[in-house]
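Trainee: This one is my_file.pdb, PDB, C-alpha atoms.
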ATOM      1  CA  MET A  12      14.174 -11.548  13.136
ATOM      2  CA  SER A  13      11.443  -8.884  13.231
ATOM      3  CA  LEU A  14       8.765  -8.553  10.564
ATOM      4  CA  ILE A  15      10.337  -5.448   9.068
ATOM      5  CA  GLU A  16      13.746  -7.148   8.954
ATOM      6  CA  ASN A  17      12.147 -10.083   7.149
ATOM      7  CA  ILE A  18      10.535  -7.669   4.695
ATOM      8  CA  LYS A  19      13.881  -5.971   4.058
ATOM      9  CA  SER A  20      15.598  -9.319   3.588
ATOM     10  CA  ALA A  21      12.981 -10.401   1.043
ATOM     11  CA  ALA A  22      13.330  -7.091  -0.808
ATOM     12  CA  LYS A  23      17.093  -7.563  -1.093
ATOM     13  CA  GLY A  24      16.466 -10.808  -2.944
ATOM     14  CA  LYS A  25      14.174  -9.063  -5.436
ATOM     15  CA  TYR A  26      16.373  -5.978  -6.001
ATOM     16  CA  LYS A  27      13.603  -4.048  -7.740
ATOM     17  CA  THR A  28      13.788  -0.469  -8.992
ATOM     18  CA  ILE A  29      11.782   2.027  -6.947
ATOM     19  CA  VAL A  30      11.362   5.657  -7.977
ATOM     20  CA  LEU A  31      11.446   8.386  -5.313
ATOM     21  CA  PRO A  32       9.914  11.560  -6.804
ATOM     22  CA  GLU A  33      10.928  13.723  -3.823
ATOM     23  CA  GLY A  34      14.583  13.166  -4.616
ATOM     24  CA  GLU A  35      15.916  16.527  -3.443
ATOM     25  CA  ALA A  36      14.405  16.358   0.072
ATOM     26  CA  GLU A  37      16.601  15.626   3.082
ATOM     27  CA  ARG A  38      14.582  12.723   4.508
ATOM     28  CA  THR A  39      14.329  11.079   1.092
ATOM     29  CA  LEU A  40      18.055  11.404   0.470
ATOM     30  CA  ARG A  41      18.974  10.065   3.910
ATOM     31  CA  ALA A  42      16.609   7.139   3.407
ATOM     32  CA  ALA A  43      18.001   6.530  -0.088
ATOM     33  CA  ASP A  44      21.524   6.369   1.335
ATOM     34  CA  ILE A  45      20.418   3.603   3.734
ATOM     35  CA  ILE A  46      18.449   1.727   1.061
ATOM     36  CA  ILE A  47      21.443   1.683  -1.275
ATOM     37  CA  GLN A  48      23.869   0.763   1.502
ATOM     38  CA  GLU A  49      21.691  -2.165   2.614
ATOM     39  CA  GLY A  50      20.900  -3.269  -0.952
ATOM     40  CA  ILE A  51      17.134  -3.125  -0.392
ATOM     41  CA  ALA A  52      16.329  -1.776  -3.864
ATOM     42  CA  LYS A  53      17.702   0.062  -6.856
ATOM     43  CA  LEU A  54      16.574   3.670  -6.831
ATOM     44  CA  ILE A  55      15.647   6.424  -9.245
ATOM     45  CA  LEU A  56      15.746   9.837  -7.578
ATOM     46  CA  VAL A  57      13.739  12.521  -9.363
ATOM     47  CA  GLY A  58      15.045  16.077  -9.137
ATOM     48  CA  ASP A  59      17.676  18.525 -10.245
ATOM     49  CA  LYS A  60      20.921  16.559 -10.530
ATOM     50  CA  GLU A  61      23.116  19.342  -9.196
ATOM     51  CA  THR A  62      20.807  20.031  -6.250
ATOM     52  CA  ILE A  63      20.747  16.336  -5.332
ATOM     53  CA  SER A  64      24.541  16.190  -5.496
ATOM     54  CA  ILE A  65      24.973  19.323  -3.374
ATOM     55  CA  ASN A  66      22.443  18.139  -0.784
ATOM     56  CA  ALA A  67      24.017  14.686  -0.578
ATOM     57  CA  LYS A  68      27.412  16.236   0.128
ATOM     58  CA  GLN A  69      25.929  18.638   2.671
ATOM     59  CA  PHE A  70      24.275  15.745   4.542
ATOM     60  CA  GLY A  71      27.436  13.627   4.397
ATOM     61  CA  LEU A  72      25.825  10.852   2.352
ATOM     62  CA  LYS A  73      28.164   8.344   0.710
ATOM     63  CA  ASN A  74      25.932   6.229  -1.519
ATOM     64  CA  ILE A  75      23.735   8.641  -3.477
ATOM     65  CA  ASP A  76      26.028   8.520  -6.508
ATOM     66  CA  LYS A  77      24.944   4.864  -6.889
ATOM     67  CA  ALA A  78      21.321   5.914  -7.471
ATOM     68  CA  GLU A  79      19.988   6.765 -10.896
ATOM     69  CA  ILE A  80      18.874  10.385 -11.131
ATOM     70  CA  TYR A  81      16.079  11.557 -13.405
ATOM     71  CA  ASP A  82      16.486  15.280 -14.106
ATOM     72  CA  ALA A  83      13.558  16.500 -16.211
ATOM     73  CA  ASN A  84      15.724  19.294 -17.642
ATOM     74  CA  THR A  85      18.350  16.998 -19.123
ATOM     75  CA  ASP A  86      17.103  13.384 -19.245
ATOM     76  CA  SER A  87      16.900  11.976 -22.767
ATOM     77  CA  ARG A  88      13.730  10.056 -21.853
ATOM     78  CA  ASN A  89      11.709  13.232 -21.325
ATOM     79  CA  CYS A  90      10.242  13.163 -24.843
ATOM     80  CA  GLU A  91       9.219   9.562 -24.302
ATOM     81  CA  LEU A  92       7.373  10.531 -21.105
ATOM     82  CA  VAL A  93       5.658  13.464 -22.818
ATOM     83  CA  ASP A  94       4.490  11.282 -25.698
ATOM     84  CA  LEU A  95       3.097   8.661 -23.333
ATOM     85  CA  LEU A  96       1.255  11.171 -21.166
ATOM     86  CA  TYR A  97      -0.224  12.841 -24.236
ATOM     87  CA  GLU A  98      -1.322   9.450 -25.562
ATOM     88  CA  LEU A  99      -2.978   8.579 -22.254
ATOM     89  CA  ARG A 100      -4.677  11.930 -21.601
ATOM     90  CA  HIS A 101      -5.310  13.754 -24.893
ATOM     91  CA  LYS A 102      -8.891  12.471 -25.041
ATOM     92  CA  LYS A 103      -9.373  14.180 -21.667
ATOM     93  CA  GLY A 104      -8.313  17.468 -23.253
ATOM     94  CA  LEU A 105      -4.580  17.438 -22.494
ATOM     95  CA  SER A 106      -2.517  19.205 -25.147
ATOM     96  CA  LYS A 107       1.061  18.322 -26.079
ATOM     97  CA  ALA A 108       2.205  21.557 -24.425
ATOM     98  CA  GLY A 109       0.259  20.604 -21.307
ATOM     99  CA  ALA A 110       1.882  17.168 -21.299
ATOM    100  CA  ARG A 111       5.315  18.817 -21.406
ATOM    101  CA  GLU A 112       4.432  20.903 -18.344
ATOM    102  CA  PHE A 113       3.143  17.898 -16.404
ATOM    103  CA  CYS A 114       6.333  16.013 -17.255
ATOM    104  CA  LYS A 115       8.288  18.544 -15.219
ATOM    105  CA  ASP A 116       6.330  17.450 -12.133
ATOM    106  CA  PRO A 117       8.118  14.657 -10.213
ATOM    107  CA  LEU A 118       4.780  13.169  -9.132
ATOM    108  CA  TYR A 119       3.910  12.615 -12.813
ATOM    109  CA  ILE A 120       7.412  11.504 -13.730
ATOM    110  CA  GLY A 121       7.303   8.627 -11.223
ATOM    111  CA  PRO A 122       4.204   6.840 -12.603
ATOM    112  CA  LEU A 123       5.339   7.498 -16.182
ATOM    113  CA  LEU A 124       8.690   5.820 -15.496
ATOM    114  CA  ILE A 125       6.767   2.834 -14.100
ATOM    115  CA  LYS A 126       4.396   2.712 -17.062
ATOM    116  CA  LEU A 127       7.348   2.724 -19.475
ATOM    117  CA  GLY A 128       9.121  -0.051 -17.562
ATOM    118  CA  TYR A 129      12.017   1.988 -16.181
ATOM    119  CA  ALA A 130      10.852   1.452 -12.583
ATOM    120  CA  ASP A 131       8.846  -1.197 -10.727
ATOM    121  CA  GLY A 132       7.219   0.954  -8.048
ATOM    122  CA  GLU A 133       7.075   4.351  -6.369
ATOM    123  CA  VAL A 134       7.162   5.776  -2.852
ATOM    124  CA  ALA A 135       6.208   9.414  -2.260
ATOM    125  CA  GLY A 136       4.291  11.630   0.143
ATOM    126  CA  ALA A 137       6.909  12.877   2.603
ATOM    127  CA  GLU A 138       6.603  16.316   0.993
ATOM    128  CA  ASN A 139       3.217  16.022  -0.764
ATOM    129  CA  SER A 140      -0.416  15.331   0.098
ATOM    130  CA  THR A 141      -2.023  11.957  -0.554
ATOM    131  CA  GLY A 142      -4.245  13.498  -3.226
ATOM    132  CA  ASN A 143      -1.288  14.897  -5.127
ATOM    133  CA  VAL A 144       0.525  11.551  -4.972
ATOM    134  CA  LEU A 145      -2.434   9.428  -6.035
ATOM    135  CA  ARG A 146      -3.930  11.638  -8.760
ATOM    136  CA  PRO A 147      -1.186  10.984 -11.349
ATOM    137  CA  ALA A 148      -0.972   7.355 -10.244
ATOM    138  CA  PHE A 149      -4.663   6.824 -11.049
ATOM    139  CA  GLN A 150      -4.315   8.663 -14.370
ATOM    140  CA  ILE A 151      -1.222   6.821 -15.565
ATOM    141  CA  VAL A 152      -0.679   3.473 -13.824
ATOM    142  CA  LYS A 153      -4.394   2.968 -13.057
ATOM    143  CA  THR A 154      -5.918   0.055 -11.191
ATOM    144  CA  ALA A 155      -4.940  -3.587 -11.600
ATOM    145  CA  PRO A 156      -6.825  -5.798 -14.079
ATOM    146  CA  ASN A 157     -10.197  -6.883 -12.670
ATOM    147  CA  SER A 158      -9.867  -4.288  -9.889
ATOM    148  CA  THR A 159     -12.142  -1.282  -9.544
ATOM    149  CA  VAL A 160     -11.004  -0.009  -6.171
ATOM    150  CA  VAL A 161      -7.778   1.042  -4.429
ATOM    151  CA  SER A 162      -7.551   0.492  -0.689
ATOM    152  CA  GLY A 163      -5.096   0.943   2.156
ATOM    153  CA  ALA A 164      -4.045  -1.861   4.520
ATOM    154  CA  PHE A 165      -2.050  -1.730   7.724
ATOM    155  CA  ILE A 166       0.080  -4.603   8.941
ATOM    156  CA  MET A 167      -0.471  -4.659  12.696
ATOM    157  CA  VAL A 168       2.255  -6.103  14.921
ATOM    158  CA  LEU A 169       0.606  -6.873  18.266
ATOM    159  CA  LYS A 170       2.320  -7.394  21.603
ATOM    160  CA  ASP A 171      -0.202 -10.113  22.477
ATOM    161  CA  LYS A 172       0.840 -13.071  20.319
ATOM    162  CA  ASN A 173      -2.472 -14.843  20.959
ATOM    163  CA  PHE A 174      -4.172 -12.791  18.268
ATOM    164  CA  GLY A 175      -3.821 -13.238  14.525
ATOM    165  CA  GLN A 176      -0.848 -15.313  13.499
ATOM    166  CA  ASP A 177       1.698 -14.955  16.283
ATOM    167  CA  GLY A 178       0.564 -11.367  16.821
ATOM    168  CA  LEU A 179       0.482 -10.382  13.152
ATOM    169  CA  MET A 180      -2.715  -9.099  11.548
ATOM    170  CA  VAL A 181      -3.784  -7.050   8.533
ATOM    171  CA  PHE A 182      -6.484  -4.360   8.818
ATOM    172  CA  ALA A 183      -8.249  -2.819   5.771
ATOM    173  CA  ASP A 184      -9.505  -0.488   4.431
ATOM    174  CA  CYS A 185      -8.048   2.088   6.795
ATOM    175  CA  ALA A 186      -6.998   4.787   4.338
ATOM    176  CA  VAL A 187      -8.969   5.308   1.130
ATOM    177  CA  ASN A 188     -12.674   4.396   0.717
ATOM    178  CA  PRO A 189     -15.246   6.029   3.013
ATOM    179  CA  ASN A 190     -18.108   3.654   2.265
ATOM    180  CA  PRO A 191     -17.332   0.829  -0.182
ATOM    181  CA  ASN A 192     -20.199  -1.079  -1.763
ATOM    182  CA  ALA A 193     -20.421  -4.876  -1.578
ATOM    183  CA  LYS A 194     -18.363  -5.470  -4.741
ATOM    184  CA  GLN A 195     -15.675  -3.029  -3.624
ATOM    185  CA  LEU A 196     -15.602  -4.564  -0.149
ATOM    186  CA  ALA A 197     -15.097  -7.997  -1.716
ATOM    187  CA  GLU A 198     -12.175  -6.664  -3.771
ATOM    188  CA  ILE A 199     -10.675  -5.092  -0.647
ATOM    189  CA  ALA A 200     -10.910  -8.441   1.144
ATOM    190  CA  ILE A 201      -9.142 -10.290  -1.670
ATOM    191  CA  ALA A 202      -6.438  -7.631  -2.016
ATOM    192  CA  SER A 203      -5.873  -7.637   1.749
ATOM    193  CA  ALA A 204      -5.481 -11.411   1.802
ATOM    194  CA  ARG A 205      -2.858 -11.158  -0.928
ATOM    195  CA  THR A 206      -1.071  -8.357   0.912
ATOM    196  CA  ALA A 207      -1.035 -10.501   4.053
ATOM    197  CA  LYS A 208       0.551 -13.374   2.142
ATOM    198  CA  ALA A 209       3.019 -11.360   0.049
ATOM    199  CA  ILE A 210       4.293  -8.988   2.723
ATOM    200  CA  ALA A 211       3.539 -10.427   6.172
ATOM    201  CA  LYS A 212       3.920 -14.062   5.008
ATOM    202  CA  LEU A 213       0.590 -14.927   6.642
ATOM    203  CA  GLU A 214      -1.700 -17.711   5.542
ATOM    204  CA  PRO A 215      -4.701 -15.388   5.273
ATOM    205  CA  LYS A 216      -7.858 -16.050   7.251
ATOM    206  CA  VAL A 217     -10.172 -13.185   6.338
ATOM    207  CA  ALA A 218     -13.031 -11.960   8.526
ATOM    208  CA  MET A 219     -15.635  -9.628   7.021
ATOM    209  CA  LEU A 220     -16.568  -7.516  10.029
ATOM    210  CA  SER A 221     -19.947  -6.161  11.023
ATOM    211  CA  PHE A 222     -21.959  -5.341  14.148
ATOM    212  CA  SER A 223     -23.738  -8.647  13.462
ATOM    213  CA  THR A 224     -22.580 -12.262  13.545
ATOM    214  CA  LYS A 225     -24.346 -14.724  11.245
ATOM    215  CA  GLY A 226     -27.681 -12.946  11.275
ATOM    216  CA  SER A 227     -27.722 -11.722  14.874
ATOM    217  CA  GLY A 228     -28.494  -8.237  13.565
ATOM    218  CA  SER A 229     -30.633  -7.003  10.715
ATOM    219  CA  HIS A 230     -29.770  -3.887   8.694
ATOM    220  CA  ASP A 231     -28.769  -2.817   5.190
ATOM    221  CA  ASP A 232     -25.194  -2.422   6.462
ATOM    222  CA  VAL A 233     -25.198  -6.077   7.528
ATOM    223  CA  ASN A 234     -26.630  -7.122   4.179
ATOM    224  CA  LYS A 235     -23.731  -5.346   2.433
ATOM    225  CA  VAL A 236     -21.170  -7.406   4.355
ATOM    226  CA  VAL A 237     -23.068 -10.656   3.719
ATOM    227  CA  GLU A 238     -23.188  -9.884  -0.005
ATOM    228  CA  ALA A 239     -19.509  -8.875  -0.053
ATOM    229  CA  THR A 240     -18.580 -12.201   1.537
ATOM    230  CA  LYS A 241     -20.473 -14.124  -1.143
ATOM    231  CA  ILE A 242     -18.832 -12.094  -3.932
ATOM    232  CA  ALA A 243     -15.342 -12.502  -2.472
ATOM    233  CA  ARG A 244     -15.753 -16.271  -2.188
ATOM    234  CA  THR A 245     -16.857 -16.461  -5.800
ATOM    235  CA  MET A 246     -14.028 -14.239  -7.037
ATOM    236  CA  ALA A 247     -11.289 -15.981  -5.019
ATOM    237  CA  PRO A 248     -12.447 -19.424  -3.832
ATOM    238  CA  GLU A 249      -8.876 -20.300  -2.862
ATOM    239  CA  ILE A 250      -8.887 -17.675  -0.069
ATOM    240  CA  GLN A 251     -10.405 -18.496   3.350
ATOM    241  CA  ILE A 252     -13.072 -15.814   3.920
ATOM    242  CA  ASP A 253     -16.050 -15.735   6.259
ATOM    243  CA  GLY A 254     -18.605 -13.203   7.422
ATOM    244  CA  GLU A 255     -20.498 -11.445   8.646
ATOM    245  CA  LEU A 256     -18.632 -11.573  11.980
ATOM    246  CA  GLN A 257     -18.385  -9.255  14.943
ATOM    247  CA  ALA A 258     -14.836  -8.343  15.928
ATOM    248  CA  ASP A 259     -14.791 -10.499  19.063
ATOM    249  CA  ALA A 260     -16.186 -13.477  17.174
ATOM    250  CA  ALA A 261     -13.474 -13.017  14.550
ATOM    251  CA  ILE A 262     -10.463 -12.940  16.870
ATOM    252  CA  VAL A 263     -11.377 -14.705  20.159
ATOM    253  CA  GLU A 264     -11.668 -18.462  19.715
ATOM    254  CA  ALA A 265     -14.141 -19.151  22.546
ATOM    255  CA  ILE A 266     -16.461 -16.370  21.373
ATOM    256  CA  GLY A 267     -16.111 -17.467  17.760
ATOM    257  CA  LYS A 268     -17.180 -21.021  18.657
ATOM    258  CA  SER A 269     -20.154 -19.675  20.586
ATOM    259  CA  LYS A 270     -21.382 -17.084  18.089
ATOM    260  CA  ALA A 271     -20.415 -18.785  14.823
ATOM    261  CA  PRO A 272     -20.184 -22.544  15.383
ATOM    262  CA  GLY A 273     -18.806 -24.313  12.372
ATOM    263  CA  SER A 274     -17.035 -21.237  10.987
ATOM    264  CA  TYR A 275     -13.492 -21.963   9.819
ATOM    265  CA  ILE A 276     -12.499 -18.320  10.386
ATOM    266  CA  ALA A 277     -14.250 -17.328  13.619
ATOM    267  CA  GLY A 278     -11.721 -16.930  16.431
ATOM    268  CA  LYS A 279      -8.799 -17.443  14.054
ATOM    269  CA  ALA A 280      -8.888 -14.392  11.756
ATOM    270  CA  ASN A 281      -5.646 -12.637  10.890
ATOM    271  CA  VAL A 282      -7.080 -10.315   8.208
ATOM    272  CA  LEU A 283      -9.867  -7.976   9.324
ATOM    273  CA  VAL A 284     -11.911  -6.236   6.640
ATOM    274  CA  PHE A 285     -13.922  -3.313   7.995
ATOM    275  CA  PRO A 286     -17.249  -2.267   6.457
ATOM    276  CA  THR A 287     -16.351   1.446   6.280
ATOM    277  CA  LEU A 288     -13.328   3.706   6.436
ATOM    278  CA  ASP A 289     -14.624   5.110   9.727
ATOM    279  CA  ALA A 290     -14.502   1.669  11.324
ATOM    280  CA  GLY A 291     -11.122   0.725   9.866
ATOM    281  CA  ASN A 292      -9.300   3.970  10.546
ATOM    282  CA  ILE A 293     -10.636   4.311  14.098
ATOM    283  CA  SER A 294      -9.880   0.677  14.915
ATOM    284  CA  TYR A 295      -6.274   0.608  13.750
ATOM    285  CA  LYS A 296      -5.502   3.822  15.620
ATOM    286  CA  LEU A 297      -7.121   2.520  18.826
ATOM    287  CA  VAL A 298      -5.213  -0.766  18.601
ATOM    288  CA  GLN A 299      -2.005   1.136  17.875
ATOM    289  CA  ARG A 300      -2.404   3.522  20.837
ATOM    290  CA  LEU A 301      -4.221   1.460  23.465
ATOM    291  CA  ALA A 302      -2.575  -1.894  22.803
ATOM    292  CA  GLY A 303       0.840  -0.504  21.844
ATOM    293  CA  ALA A 304       0.758  -2.225  18.456
ATOM    294  CA  GLU A 305       3.076  -1.270  15.623
ATOM    295  CA  ALA A 306       1.107  -0.177  12.547
ATOM    296  CA  ILE A 307       3.058  -0.613   9.312
ATOM    297  CA  GLY A 308       1.527   1.175   6.332
ATOM    298  CA  PRO A 309      -0.706   2.129   4.752
ATOM    299  CA  VAL A 310       0.100  -0.291   1.970
ATOM    300  CA  LEU A 311      -1.914   0.687  -1.089
ATOM    301  CA  GLN A 312      -3.696  -2.196  -2.799
ATOM    302  CA  GLY A 313      -5.395  -2.513  -6.167
ATOM    303  CA  MET A 314      -2.972  -0.491  -8.321
ATOM    304  CA  ALA A 315      -1.561  -2.019 -11.502
ATOM    305  CA  ALA A 316       1.904  -1.380 -10.040
ATOM    306  CA  PRO A 317       2.874  -0.700  -6.421
ATOM    307  CA  ILE A 318       2.678   2.997  -5.558
ATOM    308  CA  ASN A 319       2.710   3.822  -1.860
ATOM    309  CA  ASP A 320       1.992   7.042  -0.026
ATOM    310  CA  LEU A 321       3.932   8.276   2.994
ATOM    311  CA  SER A 322       2.672  10.483   5.778
ATOM    312  CA  ARG A 323       4.163  13.965   5.653
ATOM    313  CA  GLY A 324       5.230  13.345   9.255
ATOM    314  CA  CYS A 325       7.160  10.204   8.304
ATOM    315  CA  SER A 326      10.607   9.375   9.590
ATOM    316  CA  ILE A 327      13.631   8.347   7.544
ATOM    317  CA  ASN A 328      13.072   4.746   8.684
ATOM    318  CA  ASP A 329       9.443   4.936   7.541
ATOM    319  CA  ILE A 330      10.680   5.718   4.026
ATOM    320  CA  VAL A 331      13.194   2.874   4.112
ATOM    321  CA  ASN A 332      10.554   0.435   5.345
ATOM    322  CA  LEU A 333       7.951   1.478   2.784
ATOM    323  CA  VAL A 334      10.460   1.103  -0.054
ATOM    324  CA  ALA A 335      11.129  -2.451   1.176
ATOM    325  CA  ILE A 336       7.383  -3.165   1.304
ATOM    326  CA  THR A 337       6.901  -1.694  -2.176
ATOM    327  CA  ALA A 338       9.674  -3.889  -3.573
ATOM    328  CA  ASN A 339       7.918  -6.940  -2.102
ATOM    329  CA  GLN A 340       4.634  -5.947  -3.781
ATOM    330  CA  VAL A 341       6.214  -6.126  -7.242
ATOM    331  CA  LYS A 342       5.023  -9.237  -9.062
TER     332      LYS A 342
END
Would you mind giving the structure from this file in structure tokens?
Mentor:
Amino acid sequence: MSLIENIKSAAKGKYKTIVLPEGEAERTLRAADIIIQEGIAKLILVGDKETISINAKQFGLKNIDKAEIYDANTDSRNCELVDLLYELRHKKGLSKAGAREFCKDPLYIGPLLIKLGYADGEVAGAENSTGNVLRPAFQIVKTAPNSTVVSGAFIMVLKDKNFGQDGLMVFADCAVNPNPNAKQLAEIAIASARTAKAIAKLEPKVAMLSFSTKGSGSHDDVNKVVEATKIARTMAPEIQIDGELQADAAIVEAIGKSKAPGSYIAGKANVLVFPTLDAGNISYKLVQRLAGAEAIGPVLQGMAAPINDLSRGCSINDIVNLVAITANQVK
């Protein structure tokens, strides 16, 4: 069974409720039909009820009537959402009238439904930019306790099974933070280890990457990774983390033994934490294109509830897969 099939199977056992704010869109509806048919998750589709019904019939979809639909014009919970948003944002200058307007926006409705306990997670972004998806998420759901940073991880499925754990690895941060400080980098490492365990079922071995291995180079950028490693070990002593390591020392056993003798991670890493967004984003794309790896994600980490962002070029299967991943992130 493939990784994504395992993820779907695990999601079916959880049967969590995921809200899809772009509920009128064709790709979302086609994905929702598959999700419901396969029993991956319960769904809340946000949009005009009549439009959703008409579109579902037009596309020949058979299962959409089994999804819950949140229509801001008619749903009895609208006042509850308005009150919550006003409570959360009035100190920032939001009026009650302003809260009512925001509660017509599906991208605000989704996080509010999560905050009120009507949904467990959200998937959006097929029709909206990352900024528009994440802004209300940060305002309403916010970051997880003891977390100050949100990051994006990719699960990399490699053709060469000699790397990672049988060809599975997690790369982060590849999506959000341009230049995290040492504390943020430590949080990203811990979150990535937990993502690896929860979604890819890996026993995480985390390498904090740098252009230096164990003092071979000297620079402020190296010092940041060294400090991040110390912080991460203190924050999560149960997680296997080592650094600073060069990429080859992290993933090639012979080189790891040579460059970092005695390291319990060198040559065995399955979670790679990059020092900057430049490094992470470039690396995952190169591995994806040059090595023919499958890149699953980004999976957003550090939110108080799982909210994941799609690419606007996503496929129907991408939506299905990300809903399954989101369901598995629910605690």
Trainee: So what do you get for CA of Ile125 (chain A) versus CA of Val310 (chain A), distance-wise?
Mentor: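 Taking CA of Ile125 (chain A) as the start and CA of Val310 (chain A) as the end point, the length is 17.7 Å.
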Trainee: Can you work out which one of A:Ser322, A:Thr240, A:Ser203, A:Thr62 has the shortest atom-to-atom distance to Asn281 (chain A), counting only C-alpha atoms?
Mentor: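 When distances to Asn281 (chain A) are compared using only C-alpha atoms, the smallest one comes from A:Ser203.
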Trainee: Between A:Gln251, A:Thr159, A:Asn66, A:Asn188, single out the one closest to Leu40 (chain A), counting all atoms listed in the file.
Mentor: A:Asn66
Trainee: Which residue, A:Asn89, A:Ser13, A:Thr39, A:Gln195, has the smallest gap to Val161 (chain A) when you use only C-alpha atoms?
Mentor: A:Gln195
Trainee: Apply the PyMOL selection byres ((chain A and resi 255-262) around 6) to the displayed file and report the matching residues as a count of residues only.
Mentor: 17
Trainee: Assuming the chain letters and numbering stay as they are in my file, what does the PyMOL selection byres ((chain A and resi 311) around 9) actually select? List them as a short mmCIF file (atom, residue, chain, number, x, y, z; two decimals) with C-alpha atoms, in the frame of the given file.
Mentor:
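Output contents, as saved in result.cif:
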data_model
loop_
_atom_site.label_atom_id
_atom_site.label_comp_id
_atom_site.auth_asym_id
_atom_site.auth_seq_id
_atom_site.Cartn_x
_atom_site.Cartn_y
_atom_site.Cartn_z
CA VAL A 161 -7.78 1.04 -4.43
CA SER A 162 -7.55 0.49 -0.69
CA GLY A 163 -5.10 0.94 2.16
CA ALA A 164 -4.04 -1.86 4.52
CA ALA A 186 -7.00 4.79 4.34
CA VAL A 187 -8.97 5.31 1.13
CA GLY A 308 1.53 1.18 6.33
CA PRO A 309 -0.71 2.13 4.75
CA VAL A 310 0.10 -0.29 1.97
CA GLN A 312 -3.70 -2.20 -2.80
CA GLY A 313 -5.40 -2.51 -6.17
CA MET A 314 -2.97 -0.49 -8.32
CA PRO A 317 2.87 -0.70 -6.42
CA ILE A 318 2.68 3.00 -5.56
CA ASN A 319 2.71 3.82 -1.86
CA ASP A 320 1.99 7.04 -0.03
#
Trainee: Quick one, how far is CA of Leu169 (chain A) from CA of Leu145 (chain A)?
Mentor: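 It comes out at 29.4 Å.
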Trainee: Could you tell me how far CA of Gly50 (chain A) lies from CA of Ile327 (chain A), in Å and to one decimal?
Mentor: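 Pair CA of Gly50 (chain A) / CA of Ile327 (chain A) returns 16.1 Å.
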Trainee: Output the residue selection produced by the PyMOL selection byres ((chain A and resi 55) around 8) on the file above, formatted as a PyMOL selection string.
Mentor: chain A and resi 28-31+53-54+56-57+78-81+130
Trainee: Point out the residue among A:Ala183, A:Lys126, A:Asp86, A:Gly178 with the least atom-to-atom distance to Thr206 (chain A), counting all atoms listed in the file.
Mentor: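 Counting all atoms listed in the file, the residue closest to Thr206 (chain A) is A:Ala183.
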Trainee: Out of A:Ile293, A:Ala302, A:Ile51, A:Ile201, which residue has the shortest atom-to-atom distance to Asp171 (chain A) when counting only C-alpha atoms?
Mentor: A:Ala302
Trainee: Restricting the calculation to only C-alpha atoms, which member of A:Leu118, A:Ile199, A:Leu14, A:Ala306 is positioned closest to Glu138 (chain A)?
Mentor: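 Among A:Leu118, A:Ile199, A:Leu14, A:Ala306, it is A:Leu118 that comes nearest to Glu138 (chain A).
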Trainee: Could you pull the residues within 7 Å of Val282 (chain A), counting only C-alpha atoms, minus those fewer than 4 positions along the same chain, as an MDAnalysis selection string?
Mentor: chainID A and resid 180:182 204 215:218
Trainee: Let me have the centre and edge lengths of the axis-aligned box enclosing all listed atoms of region 184-194 of chain A with 6 Å padding on every side, in Å to one decimal, as AutoDock Vina command-line options.
Mentor:
--center_x -13.7 --center_y 0.3 --center_z 1.0 --size_x 25.4 --size_y 23.5 --size_z 23.5
